[in-house]
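Trainee: Take this structure first; my questions come after.
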Amino acid sequence: MVLRQTGRPGERGRHSHTYISPFDVAAQRWRHPDFEYDDGVVPEVPVKAKEGFHIFDLAPPFVSPSQIVLPAHDPFGWPHGDAYTPLLKARTPLISTRAIIPGFKLDRLHQALSMSEFRVMVKLALHPAVWDFREQYGIYNRQAYWRAEAKGERMRRSDLMTIDVIVTYVQPPDFKLKYHAISIKHGSYLPTDEQLSREERERAAMAERGWTWELIRGDAISMTEFGNLRLVLIFAREQNLPSLYVAAQEFAPIVIRSSSRGSLDAVMERVSRTMCIGLDEAYHRFAASVAYGFLQLDHNYELDTDLRLHLVRSGWRTRATAKARSGA
């Protein structure tokens, strides 16, 4: 048995002993005779660089432009907005794993078929770059479609591929509408050969359209961020966020300049008194400010009405919101 003394040499009252197995000692001291060791050198593990476009890399600071108008249909005939119907819907018997998310920028209910999809869609719903997202989007073989149409039959399921989410987004500096596909998987997803083949088919189908594709695991959105965004969804409940765009533009600079002393409730009360609006209206504008990028939450901290409000207060954001308020 080997005893290791802990504590500083010569220091009294802080000595303890830890048992170390002879096998542990031998393992630490043994060196392979044919291998050259570099003592004190820590090997570098190369970090695999991200490949392709990732929708959540479009992080603020930037503000959603107010002039964006979605076309009635995308280039492949699927409608935008409330006219769109997903191919698969969340059903009541499976509500424990499925959920419905209200769309605030467009008046439509989004169907999440799993909790992983729910987490990703909540973030999409409040992302300033995202103007529409359509779940369970169909990719089909046109020849098979016209054959079925000519026969008056439904297409075979094997001729139809569904994409979990198609996002319609904009980004600086041109803010042109672009399309991005997302395959959403659970956090412990380890693809089989068949699933990898499916991923490649989806990626190839999107590339053929000139669209991008990525896979997102549900746990890519932390539980803190997910909880914060769900609270913002509650603030925005039954509100028409597009109608609050200008109000949010005026509201955000006052929040940024306001003291963060006290809780979120205290901040909203101070701002509501300054703007001569009710507390509920202040929370509605707060939700719109987050959704359109006028305010950016710091998701390192929990958001709650009883807790302090933590915002990302970048110099760019302060200048941009002040400029928006002044009308310059």
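By order of appearance in the structure tokens: chains A, B, ..., then residues from 1 within every chain, and ligands from 1 in the order shown.
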Run DSSP on the backbone of this structure and report the residues of stretch 122-157 of chain A it assigns to helix (DSSP H, G or I), as a list in words.

Mentor: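 So, restricting stretch 122-157 of chain A to helix (DSSP H, G or I), we get Val122, Lys123, Leu124, Ala125, Arg142, Gln143, Ala144, Tyr145, Trp146, Arg147, Ala148, Glu149, Ala150, Lys151 and Arg157 of chain A.
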
Trainee: Could the residues in this selection be written to a file with N, CA and C atoms, as an mmCIF file, in the first residue's frame?

Mentor:
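Once everything was written out, this is result-v9.cif:
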data_model
loop_
_atom_site.group_PDB
_atom_site.id
_atom_site.type_symbol
_atom_site.label_atom_id
_atom_site.label_comp_id
_atom_site.auth_asym_id
_atom_site.auth_seq_id
_atom_site.Cartn_x
_atom_site.Cartn_y
_atom_site.Cartn_z
ATOM 1 N N VAL A 122 -39.647 26.609 -31.114
ATOM 2 C CA VAL A 122 -39.820 27.756 -30.221
ATOM 3 C C VAL A 122 -38.753 28.812 -30.511
ATOM 4 N N LYS A 123 -37.525 28.356 -30.736
ATOM 5 C CA LYS A 123 -36.457 29.314 -31.052
ATOM 6 C C LYS A 123 -36.669 29.935 -32.429
ATOM 7 N N LEU A 124 -37.118 29.141 -33.394
ATOM 8 C CA LEU A 124 -37.392 29.684 -34.725
ATOM 9 C C LEU A 124 -38.498 30.733 -34.679
ATOM 10 N N ALA A 125 -39.518 30.483 -33.851
ATOM 11 C CA ALA A 125 -40.665 31.393 -33.785
ATOM 12 C C ALA A 125 -40.267 32.778 -33.300
ATOM 13 N N ARG A 142 -41.969 14.753 -59.355
ATOM 14 C CA ARG A 142 -42.997 15.398 -60.177
ATOM 15 C C ARG A 142 -43.665 14.418 -61.144
ATOM 16 N N GLN A 143 -42.882 13.503 -61.711
ATOM 17 C CA GLN A 143 -43.473 12.531 -62.627
ATOM 18 C C GLN A 143 -44.469 11.633 -61.896
ATOM 19 N N ALA A 144 -44.088 11.209 -60.673
ATOM 20 C CA ALA A 144 -45.001 10.382 -59.888
ATOM 21 C C ALA A 144 -46.261 11.161 -59.528
ATOM 22 N N TYR A 145 -46.097 12.461 -59.288
ATOM 23 C CA TYR A 145 -47.257 13.292 -58.956
ATOM 24 C C TYR A 145 -48.241 13.345 -60.123
ATOM 25 N N TRP A 146 -47.718 13.599 -61.318
ATOM 26 C CA TRP A 146 -48.616 13.732 -62.467
ATOM 27 C C TRP A 146 -49.229 12.391 -62.855
ATOM 28 N N ARG A 147 -48.515 11.287 -62.624
ATOM 29 C CA ARG A 147 -49.111 9.968 -62.870
ATOM 30 C C ARG A 147 -50.293 9.736 -61.938
ATOM 31 N N ALA A 148 -50.092 10.060 -60.653
ATOM 32 C CA ALA A 148 -51.180 9.882 -59.692
ATOM 33 C C ALA A 148 -52.335 10.825 -59.997
ATOM 34 N N GLU A 149 -52.008 12.046 -60.429
ATOM 35 C CA GLU A 149 -53.045 13.027 -60.756
ATOM 36 C C GLU A 149 -53.875 12.553 -61.948
ATOM 37 N N ALA A 150 -53.203 11.985 -62.942
ATOM 38 C CA ALA A 150 -53.910 11.510 -64.133
ATOM 39 C C ALA A 150 -54.842 10.345 -63.805
ATOM 40 N N LYS A 151 -54.451 9.528 -62.826
ATOM 41 C CA LYS A 151 -55.273 8.379 -62.440
ATOM 42 C C LYS A 151 -56.306 8.730 -61.379
ATOM 43 N N ARG A 157 -46.703 6.779 -50.695
ATOM 44 C CA ARG A 157 -45.877 7.397 -49.648
ATOM 45 C C ARG A 157 -44.391 7.295 -49.982
#

Trainee: I'd like the neighbourhood of A:Pro79 as a list in words, where a residue qualifies if any of its atoms comes within 10 Å (using only C-alpha atoms), though same-chain residues fewer than 6 positions away should be ignored.

Mentor: Leu70, Pro71, Ala72, His73, Thr85 and Arg134 of chain A

Trainee: Residues near A:His127, anyone? I mean within 12 Å using only C-alpha atoms, not counting same-chain ones fewer than 3 positions away, as a ChimeraX atom specification.

Mentor: /A:55-64,103-105,120-124,130-133,167-171,229,232-233,287-297

Trainee: Show which residues sit within 12 Å of stretch 195-205 of chain A, as a VMD selection string. Count only C-alpha atoms, and ignore same-chain residues fewer than 4 positions away.

Mentor: chain A and resid 52 to 53 137 to 141 160 to 166 180 to 185 189 to 191 209 to 216

Trainee: Name the residues in contact with stretch 260-264 of chain A at a cut-off of 8 Å, using only C-alpha atoms, excluding same-chain residues fewer than 2 positions from it; report them as a list in words.

Mentor: Ser258, Ala266, Val267, Met268, Asp304, Thr305, Asp306, Leu307, Arg308, Leu309 and His310 of chain A

Trainee: Could you write those residues out with C-alpha atoms, as a PDB file, in the first residue's frame?

Mentor:
ATOM      1  CA  SER A 258     -33.546  51.964 -18.078  1.00  0.00           C
ATOM      2  CA  ALA A 266     -39.765  46.156 -11.739  1.00  0.00           C
ATOM      3  CA  VAL A 267     -38.103  47.086 -15.033  1.00  0.00           C
ATOM      4  CA  MET A 268     -41.368  46.684 -16.956  1.00  0.00           C
ATOM      5  CA  ASP A 304     -38.498  35.244 -14.934  1.00  0.00           C
ATOM      6  CA  THR A 305     -40.715  38.064 -13.764  1.00  0.00           C
ATOM      7  CA  ASP A 306     -39.246  37.747 -10.249  1.00  0.00           C
ATOM      8  CA  LEU A 307     -35.607  37.672 -11.401  1.00  0.00           C
ATOM      9  CA  ARG A 308     -33.269  40.328 -12.723  1.00  0.00           C
ATOM     10  CA  LEU A 309     -33.423  41.016 -16.459  1.00  0.00           C
ATOM     11  CA  HIS A 310     -30.190  40.145 -18.277  1.00  0.00           C
TER      12      HIS A 310
END

Trainee: Taking only C-alpha atoms into account, name the residue in A:Tyr283, A:His299, A:Ser116, A:Glu51 that is nearest to A:Arg237.

Mentor: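 Of A:Tyr283, A:His299, A:Ser116, A:Glu51, the one nearest A:Arg237 is A:Tyr283, counting only C-alpha atoms.
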
Trainee: Nearest to A:Pro242 among A:Arg230, A:His284, A:Thr192, A:Glu208, with distances taken over only C-alpha atoms: which residue is it?

Mentor: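 Distance minimum relative to A:Pro242 lands on A:His284.
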
Trainee: Pull the strand (DSSP E) assignments for stretch 133-293 of chain A out of DSSP run on the backbone, and list those residues as a VMD selection string.

Mentor: chain A and resid 133 to 140 160 to 169 178 to 185 212 to 217

Trainee: Using C-alpha atoms, can you write the selected residues to a file as a CSV table (one decimal), in the first residue's frame?

Mentor:
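Result written to selection.csv:
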chain,number,residue,atom,x,y,z
A,133,PHE,CA,-41.1,28.1,-41.1
A,134,ARG,CA,-43.1,25.2,-42.5
A,135,GLU,CA,-43.0,21.9,-40.8
A,136,GLN,CA,-43.4,18.5,-42.4
A,137,TYR,CA,-42.7,19.9,-45.9
A,138,GLY,CA,-43.2,17.6,-48.8
A,139,ILE,CA,-40.6,16.8,-51.5
A,140,TYR,CA,-42.0,14.7,-54.2
A,160,LEU,CA,-42.9,11.5,-51.1
A,161,MET,CA,-40.2,12.7,-48.7
A,162,THR,CA,-41.0,15.0,-45.8
A,163,ILE,CA,-38.5,17.5,-44.4
A,164,ASP,CA,-38.9,18.3,-40.7
A,165,VAL,CA,-38.8,22.1,-41.2
A,166,ILE,CA,-38.2,24.5,-44.1
A,167,VAL,CA,-37.2,27.9,-42.8
A,168,THR,CA,-37.7,31.1,-44.8
A,169,TYR,CA,-35.2,33.6,-43.5
A,178,LYS,CA,-33.7,32.4,-48.6
A,179,TYR,CA,-34.7,28.9,-47.8
A,180,HIS,CA,-33.1,26.4,-45.4
A,181,ALA,CA,-34.0,22.9,-44.5
A,182,ILE,CA,-33.7,21.4,-41.0
A,183,SER,CA,-33.7,17.8,-39.9
A,184,ILE,CA,-34.4,17.6,-36.2
A,185,LYS,CA,-33.3,14.7,-34.1
A,212,THR,CA,-29.3,24.7,-47.7
A,213,TRP,CA,-29.7,21.8,-45.2
A,214,GLU,CA,-28.6,21.0,-41.7
A,215,LEU,CA,-29.3,18.5,-38.9
A,216,ILE,CA,-30.1,20.0,-35.4
A,217,ARG,CA,-30.3,18.0,-32.3
